[in-house]
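As provided, my_file_1.csv (CSV, C-alpha atoms) reads as follows.
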```csv
chain,number,residue,atom,x,y,z
A,1347,MET,CA,20.6,-40.0,24.1
A,1348,LYS,CA,18.3,-38.5,21.5
A,1349,VAL,CA,15.4,-36.3,22.5
A,1350,ARG,CA,12.7,-35.2,20.1
A,1351,ILE,CA,10.9,-32.0,20.9
A,1352,HIS,CA,7.6,-31.7,19.0
A,1353,VAL,CA,6.4,-28.1,18.7
A,1354,SER,CA,2.9,-27.4,17.5
A,1355,LEU,CA,0.6,-24.4,17.3
A,1356,LYS,CA,-2.0,-24.2,20.1
A,1357,PRO,CA,-5.5,-25.1,19.2
A,1358,GLY,CA,-7.4,-22.0,18.0
A,1359,VAL,CA,-4.3,-20.3,16.7
A,1360,LEU,CA,-4.7,-19.7,13.0
A,1361,ASP,CA,-2.1,-21.7,11.0
A,1362,PRO,CA,-1.7,-20.1,7.5
A,1363,GLN,CA,1.0,-22.7,6.6
A,1364,GLY,CA,-1.2,-25.6,7.5
A,1365,ARG,CA,-4.1,-24.1,5.5
A,1366,ALA,CA,-1.9,-23.7,2.4
A,1367,ILE,CA,-0.7,-27.3,2.8
A,1368,HIS,CA,-4.3,-28.5,3.1
A,1369,HIS,CA,-5.2,-26.5,0.0
A,1370,ALA,CA,-2.3,-28.1,-1.9
A,1371,LEU,CA,-3.3,-31.6,-0.8
A,1372,GLU,CA,-6.8,-30.9,-2.2
A,1373,GLY,CA,-5.2,-29.6,-5.4
A,1374,LEU,CA,-3.5,-33.0,-5.8
A,1375,GLY,CA,-6.8,-34.7,-5.6
A,1376,PHE,CA,-6.5,-36.2,-2.1
A,1377,GLU,CA,-9.9,-36.4,-0.4
A,1378,GLY,CA,-11.1,-36.7,3.1
A,1379,VAL,CA,-8.4,-34.4,4.7
A,1380,ASN,CA,-10.3,-32.3,7.2
A,1381,ASP,CA,-7.6,-30.1,8.6
A,1382,VAL,CA,-3.8,-29.7,8.5
A,1383,ARG,CA,-1.7,-28.2,11.3
A,1384,ALA,CA,2.0,-27.7,10.6
A,1385,GLY,CA,4.5,-28.0,13.4
A,1386,ARG,CA,8.2,-28.4,14.0
A,1387,GLU,CA,10.4,-31.2,15.3
A,1388,ILE,CA,13.7,-30.5,17.0
A,1389,GLU,CA,16.1,-33.3,17.7
A,1390,LEU,CA,18.6,-33.0,20.5
A,1391,ASP,CA,21.5,-35.3,21.4
A,1392,VAL,CA,21.9,-34.9,25.1
A,1393,ASP,CA,23.8,-36.6,28.0
A,1394,ASP,CA,21.8,-39.1,29.9
A,1395,SER,CA,22.2,-36.9,32.9
A,1396,VAL,CA,20.1,-34.0,31.4
A,1397,SER,CA,17.0,-33.9,33.5
A,1398,ASP,CA,13.4,-33.7,32.4
A,1399,GLU,CA,13.3,-30.3,34.2
A,1400,ALA,CA,16.2,-29.0,32.1
A,1401,LEU,CA,14.5,-30.2,28.9
A,1402,ASP,CA,11.3,-28.5,30.0
A,1403,ALA,CA,13.2,-25.3,30.7
A,1404,MET,CA,14.8,-25.4,27.2
A,1405,CYS,CA,11.4,-25.6,25.7
A,1406,LYS,CA,9.9,-22.8,27.7
A,1407,GLN,CA,12.8,-20.5,27.3
A,1408,LEU,CA,13.7,-21.0,23.7
A,1409,LEU,CA,12.4,-23.9,21.7
A,1410,ALA,CA,8.7,-23.1,21.9
A,1411,ASN,CA,7.0,-19.7,22.1
A,1412,MET,CA,4.4,-20.3,24.9
A,1413,VAL,CA,2.2,-17.5,23.5
A,1414,ILE,CA,1.3,-19.5,20.4
A,1415,GLU,CA,2.8,-23.0,20.7
A,1416,ASN,CA,2.7,-26.2,22.7
A,1417,TYR,CA,5.5,-28.7,23.0
A,1418,ARG,CA,5.9,-32.4,23.8
A,1419,ILE,CA,9.2,-34.0,24.9
A,1420,GLU,CA,10.0,-37.5,23.7
A,1421,ARG,CA,13.1,-39.3,24.9
A,1422,VAL,CA,14.2,-41.8,22.2
A,1423,ALA,CA,16.3,-44.9,23.1
A,1424,ALA,CA,19.7,-44.4,21.5
B,998,MET,CA,21.6,18.8,23.1
B,999,SER,CA,23.4,15.7,24.1
B,1000,PHE,CA,21.0,13.0,22.8
B,1001,ARG,CA,22.4,9.5,23.1
B,1002,GLY,CA,20.5,7.1,20.8
B,1003,ALA,CA,21.7,3.6,20.0
B,1004,VAL,CA,20.8,1.2,17.2
B,1005,VAL,CA,21.4,-2.5,17.9
B,1006,THR,CA,22.6,-4.5,14.9
B,1007,PHE,CA,22.1,-8.3,14.9
B,1008,PRO,CA,23.5,-10.6,12.2
B,1009,GLY,CA,20.9,-10.2,9.4
B,1010,SER,CA,19.5,-6.8,10.5
B,1011,ASN,CA,19.1,-4.7,7.3
B,1012,CYS,CA,17.3,-1.6,8.5
B,1013,ASP,CA,19.9,-0.6,11.1
B,1014,ARG,CA,21.4,2.0,8.8
B,1015,ASP,CA,18.0,3.5,7.9
B,1016,MET,CA,17.2,3.7,11.6
B,1017,ALA,CA,20.6,5.4,12.4
B,1018,VAL,CA,20.0,7.9,9.6
B,1019,ALA,CA,16.5,8.7,11.0
B,1020,LEU,CA,17.7,9.2,14.5
B,1021,GLU,CA,20.5,11.5,13.3
B,1022,ALA,CA,18.2,13.4,10.9
B,1023,VAL,CA,15.9,14.3,13.8
B,1024,SER,CA,18.3,14.6,16.7
B,1025,GLY,CA,21.3,16.1,14.9
B,1026,VAL,CA,23.5,13.6,16.7
B,1027,PRO,CA,25.0,10.5,15.1
B,1028,ALA,CA,23.5,7.3,16.5
B,1029,ILE,CA,25.7,5.0,18.5
B,1030,ARG,CA,25.9,1.6,16.8
B,1031,VAL,CA,25.8,-1.5,19.0
B,1032,TRP,CA,26.6,-5.0,18.0
B,1033,HIS,CA,24.5,-8.0,19.2
B,1034,GLY,CA,27.4,-9.7,20.8
B,1035,ASP,CA,28.3,-6.7,23.0
B,1036,ALA,CA,27.8,-7.7,26.6
B,1037,GLU,CA,26.9,-4.2,27.7
B,1038,LEU,CA,25.1,-1.3,26.2
B,1039,PRO,CA,26.9,2.1,26.2
B,1040,ALA,CA,26.2,4.0,29.4
B,1041,ASP,CA,23.5,6.7,29.8
B,1042,LEU,CA,21.5,6.0,26.7
B,1043,ASP,CA,18.4,8.1,26.0
B,1044,PHE,CA,16.9,5.8,23.3
B,1045,ILE,CA,17.4,2.3,22.0
B,1046,ALA,CA,16.2,1.2,18.6
B,1047,LEU,CA,15.9,-2.5,17.5
B,1048,PRO,CA,15.8,-2.4,13.7
B,1049,GLY,CA,14.1,-4.4,11.0
B,1050,GLY,CA,15.7,-7.2,9.0
B,1051,PHE,CA,16.0,-11.0,9.3
B,1052,SER,CA,18.2,-11.5,12.4
B,1053,TYR,CA,19.8,-15.0,12.4
B,1054,GLY,CA,17.9,-15.7,9.2
B,1055,ASP,CA,14.7,-16.0,11.1
B,1056,TYR,CA,15.9,-19.3,12.4
B,1057,LEU,CA,13.5,-21.1,14.8
B,1058,ARG,CA,11.1,-18.1,14.9
B,1059,SER,CA,11.4,-14.5,13.7
B,1060,GLY,CA,13.3,-12.7,16.4
B,1061,ALA,CA,13.8,-15.8,18.6
B,1062,MET,CA,17.6,-16.0,18.4
B,1063,ALA,CA,18.2,-12.3,18.6
B,1064,ALA,CA,16.0,-12.0,21.7
B,1065,ARG,CA,18.5,-14.4,23.5
B,1066,SER,CA,21.7,-12.7,22.2
B,1067,PRO,CA,24.1,-11.2,24.8
B,1068,VAL,CA,23.1,-7.5,24.3
B,1069,MET,CA,19.4,-8.1,24.9
B,1070,GLN,CA,19.9,-8.7,28.6
B,1071,SER,CA,21.1,-5.1,28.8
B,1072,VAL,CA,18.3,-3.9,26.6
B,1073,ILE,CA,15.7,-5.6,28.9
B,1074,GLU,CA,17.3,-4.0,31.9
B,1075,ALA,CA,17.4,-0.6,30.3
B,1076,ALA,CA,13.7,-1.0,29.3
B,1077,ARG,CA,12.8,-1.9,32.9
B,1078,ARG,CA,14.6,1.3,34.0
B,1079,GLY,CA,12.4,3.3,31.7
B,1080,VAL,CA,14.7,4.0,28.8
B,1081,PRO,CA,12.6,4.3,25.6
B,1082,VAL,CA,12.9,1.3,23.3
B,1083,LEU,CA,11.6,1.2,19.8
B,1084,GLY,CA,11.4,-2.0,17.9
B,1085,VAL,CA,10.4,-1.9,14.2
B,1086,CYS,CA,9.5,-5.0,12.2
B,1087,ASN,CA,12.1,-7.6,13.2
B,1088,GLY,CA,12.7,-5.4,16.2
B,1089,PHE,CA,9.0,-5.8,17.2
B,1090,GLN,CA,9.4,-9.6,16.8
B,1091,VAL,CA,12.5,-9.4,19.0
B,1092,LEU,CA,10.6,-7.4,21.7
B,1093,THR,CA,7.8,-10.0,21.8
B,1094,GLU,CA,10.3,-12.9,21.9
B,1095,ALA,CA,12.2,-11.2,24.7
B,1096,GLY,CA,9.0,-10.8,26.7
B,1097,LEU,CA,9.1,-7.0,26.7
B,1098,LEU,CA,5.8,-6.8,24.8
B,1099,PRO,CA,2.9,-9.3,24.9
B,1100,GLY,CA,1.8,-11.4,22.0
B,1101,ALA,CA,3.6,-12.9,19.0
B,1102,LEU,CA,4.0,-12.2,15.3
B,1103,MET,CA,3.0,-15.0,13.1
B,1104,ARG,CA,3.2,-15.7,9.3
B,1105,ASN,CA,1.0,-13.3,7.4
B,1106,ALA,CA,-2.5,-14.7,6.9
B,1107,SER,CA,-2.0,-14.5,3.1
B,1108,GLN,CA,1.3,-16.4,3.4
B,1109,HIS,CA,2.8,-13.6,1.1
B,1110,PHE,CA,5.6,-11.2,1.9
B,1111,ILE,CA,4.0,-7.8,1.9
B,1112,CYS,CA,6.0,-4.8,0.8
B,1113,ARG,CA,4.1,-1.5,0.3
B,1114,ASN,CA,2.9,1.6,1.9
B,1115,VAL,CA,-0.1,1.0,4.2
B,1116,LYS,CA,-2.7,3.3,5.8
B,1117,LEU,CA,-2.0,3.4,9.5
B,1118,LYS,CA,-4.3,4.9,12.1
B,1119,VAL,CA,-2.9,6.5,15.3
B,1120,GLU,CA,-4.9,5.0,18.2
B,1121,ASN,CA,-3.0,6.5,21.1
B,1122,SER,CA,-1.5,10.0,20.7
B,1123,GLN,CA,-0.5,10.3,24.4
B,1124,SER,CA,2.6,8.1,24.4
B,1125,LEU,CA,6.1,9.5,24.2
B,1126,PHE,CA,6.4,8.0,20.7
B,1127,THR,CA,3.1,9.2,19.3
B,1128,ALA,CA,2.5,12.6,21.0
B,1129,GLY,CA,3.4,14.3,17.7
B,1130,TYR,CA,0.2,12.8,16.1
B,1131,SER,CA,-3.4,13.3,16.8
B,1132,ALA,CA,-5.7,10.4,17.7
B,1133,GLY,CA,-7.4,9.0,14.7
B,1134,GLN,CA,-4.8,10.5,12.3
B,1135,ILE,CA,-4.2,8.4,9.2
B,1136,LEU,CA,-0.5,7.9,8.2
B,1137,SER,CA,1.1,6.4,5.2
B,1138,ILE,CA,4.0,4.2,6.3
B,1139,PRO,CA,5.7,1.3,4.5
B,1140,VAL,CA,5.6,-2.3,5.7
B,1141,ALA,CA,7.9,-5.0,4.5
B,1142,HIS,CA,7.4,-8.3,6.3
B,1143,HIS,CA,6.4,-12.0,6.1
B,1144,ASP,CA,5.7,-12.4,9.8
B,1145,GLY,CA,3.6,-9.5,10.8
B,1146,ASN,CA,0.4,-11.2,11.8
B,1147,TYR,CA,-0.1,-10.1,15.4
B,1148,PHE,CA,-1.5,-12.7,17.8
B,1149,ALA,CA,-2.5,-12.5,21.4
B,1150,ASP,CA,-5.3,-14.2,23.3
B,1151,ASP,CA,-8.6,-12.3,23.8
B,1152,ALA,CA,-7.9,-11.4,27.4
B,1153,THR,CA,-4.6,-9.9,26.5
B,1154,LEU,CA,-6.1,-8.0,23.5
B,1155,ASP,CA,-8.9,-6.7,25.7
B,1156,ARG,CA,-6.3,-5.5,28.3
B,1157,LEU,CA,-4.2,-3.8,25.6
B,1158,GLU,CA,-7.2,-2.0,24.3
B,1159,GLY,CA,-8.5,-1.0,27.7
B,1160,GLU,CA,-5.1,0.4,28.8
B,1161,GLY,CA,-4.6,2.4,25.6
B,1162,ARG,CA,-1.6,0.3,24.6
B,1163,VAL,CA,-2.6,-0.2,21.0
B,1164,ALA,CA,-0.5,2.6,19.5
B,1165,PHE,CA,-1.3,2.0,15.8
B,1166,ARG,CA,-3.9,0.0,13.9
B,1167,TYR,CA,-4.0,-0.8,10.2
B,1168,ALA,CA,-6.7,1.2,8.5
B,1169,GLU,CA,-6.8,-1.4,5.7
B,1170,THR,CA,-6.5,-5.2,5.4
B,1171,VAL,CA,-2.8,-6.0,5.6
B,1172,ASN,CA,-1.6,-9.2,7.3
B,1173,GLY,CA,-4.4,-10.8,9.3
B,1174,SER,CA,-3.3,-9.2,12.6
B,1175,ALA,CA,-5.7,-9.6,15.6
B,1176,ARG,CA,-8.0,-6.5,15.7
B,1177,ASP,CA,-5.7,-5.0,12.9
B,1178,ILE,CA,-3.1,-4.1,15.5
B,1179,ALA,CA,0.1,-2.7,14.0
B,1180,GLY,CA,1.9,-1.4,17.0
B,1181,VAL,CA,1.7,-2.0,20.8
B,1182,LEU,CA,3.2,-0.3,23.9
B,1183,ASN,CA,4.4,-1.9,27.1
B,1184,GLU,CA,2.6,-1.2,30.4
B,1185,ALA,CA,4.9,1.7,31.3
B,1186,GLY,CA,4.6,3.2,27.8
B,1187,ASN,CA,8.4,3.3,27.2
B,1188,VAL,CA,8.6,0.4,24.8
B,1189,LEU,CA,6.9,0.4,21.4
B,1190,GLY,CA,6.9,-2.3,18.9
B,1191,MET,CA,5.4,-1.9,15.4
B,1192,MET,CA,5.6,-3.7,12.1
B,1193,PRO,CA,5.5,-0.6,9.8
B,1194,HIS,CA,8.7,1.3,9.2
B,1195,PRO,CA,8.6,4.9,10.4
B,1196,GLU,CA,12.4,5.2,9.7
B,1197,ARG,CA,11.6,4.7,6.0
B,1198,ALA,CA,9.2,7.6,6.0
B,1199,ILE,CA,11.1,10.6,7.3
B,1200,GLU,CA,11.2,12.8,4.3
B,1201,ASP,CA,9.1,13.4,1.2
B,1202,ALA,CA,11.8,12.2,-1.1
B,1203,LEU,CA,11.2,8.7,0.4
B,1204,GLY,CA,7.5,8.8,-0.5
B,1205,SER,CA,6.2,9.9,2.9
B,1206,SER,CA,7.4,11.9,5.8
B,1207,ASP,CA,4.7,10.6,8.1
B,1208,GLY,CA,7.1,8.6,10.2
B,1209,ARG,CA,9.2,11.6,11.2
B,1210,ALA,CA,6.9,12.9,13.9
B,1211,LEU,CA,7.4,9.6,15.8
B,1212,PHE,CA,11.1,10.3,16.2
B,1213,GLU,CA,10.5,14.0,16.8
B,1214,SER,CA,8.0,13.2,19.7
B,1215,ALA,CA,10.3,10.7,21.3
B,1216,ILE,CA,13.4,12.9,21.1
B,1217,ARG,CA,11.5,16.0,22.2
B,1218,SER,CA,10.1,14.2,25.2
B,1219,LEU,CA,13.6,13.3,26.2
B,1220,VAL,CA,14.9,16.8,25.8
B,1221,GLU,CA,12.1,18.3,27.9
B,1222,ALA,CA,12.4,15.6,30.5
```
Structure rendered as structure tokens:
Amino acid sequence: MKVRIHVSLKPGVLDPQGRAIHHALEGLGFEGVNDVRAGREIELDVDDSVSDEALDAMCKQLLANMVIENYRIERVAA
Amino acid sequence: MSFRGAVVTFPGSNCDRDMAVALEAVSGVPAIRVWHGDAELPADLDFIALPGGFSYGDYLRSGAMAARSPVMQSVIEAARRGVPVLGVCNGFQVLTEAGLLPGALMRNASQHFICRNVKLKVENSQSLFTAGYSAGQILSIPVAHHDGNYFADDATLDRLEGEGRVAFRYAETVNGSARDIAGVLNEAGNVLGMMPHPERAIEDALGSSDGRALFESAIRSLVEA
């Protein structure tokens, strides 16, 4: 089954990339964008037997850096 | 003397040779070269250096893949036993990703890659790496990085400052680092991570010899020990 891991910067952590994207959107004339935060999505194809605990451990040990990032695990129907 | 210093090379390291040259120039003994896939470090090392570069192409996060490579388990064990470990630039990123140093190194606040000599202030001149400097001394050392913006939460920063674990601070605006921190020590003082490159500043012909005293202090402390 497919699993999507959404990794995002924690609130309060400065996001220079998001700020640059925000600036570029304004440069293109888009109005009303208050803030931009850039993150990362990692898609895994795993056996159905892979537990939530194992996915959680993958995120904590490698996929996210818990000092600066949060993660959210989403199981996607195949 | 029988100094045994090692330099670990990851795929994408590019300052490993400079680091080996610096260690040999100061110790007089050729550095032992270690490959990331080696399961074990050579025995009885006196010093381990993690060099700069772009290990694993900075995939996922700078230093993230290298921190989980086979040799790092041995580096972590050696660090816990008290072996001095120096991580420069990408090596600093690897040390934070491996959990040997607190905090994280994020994209420079300017978004630009920065490659120039910077003014660096010695904050702690008591550590085994910095005993050759005086507190408050201003050094000129090159930086060359995209992800050097040091981040840690306020409680961690307060603790680092309170325990004298900020080894170096930028004496000018460089990359947006929290409290201008350029280099930090672990709790025991035997692990130093820093973004500037002391190994690129070991003789005047390179533009500065201000980095040499770091290797001299570290190696002298080992000989006297």
- Task: Please report as a ChimeraX atom specification which residues of chain B come no farther than 7 Å from chain A, using all atoms listed in the file.
- Result: /B:1100-1101,1104,1106,1108
- Query: Can you list, as a list of chain:residue names, every protein, DNA or RNA residue that comes within 9 Å of Val1392 (chain A) when you count only C-alpha atoms, leaving out same-chain residues fewer than 6 positions away?
  - Reply: A:Met1347, A:Lys1348, A:Val1349
- For region 1131-1144 of chain B, list every protein, DNA or RNA residue within 10 Å, evaluated using all atoms listed in the file, and leave out those in the same chain fewer than 5 positions away; present the list as a ChimeraX atom specification. /B:1049-1051,1055,1058-1059,1085-1087,1090,1101-1123,1164-1168,1171-1172,1174,1179,1191-1199,1204-1208
- Message: One decimal, in Å: what's the spacing between CA of Ser999 (chain B) and CA of Asp1043 (chain B)?
- Response: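 Distance reported for this atom pair: 9.3 Å.
Counting from CA of Gly1385 (chain A), the distance to CA of Leu1355 (chain A) is 6.6 Å.
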- Query: What is the CA of Leu1125 (chain B) to CA of Ala1046 (chain B) distance in Å?
  - Reply: 14.2 Å
- Query: For Ser1066 (chain B), which residue out of B:Gly1034, B:Gly1025, B:Gly1186, B:Gly1173 is the nearest one, using all atoms listed in the file?
  - Reply: B:Gly1034
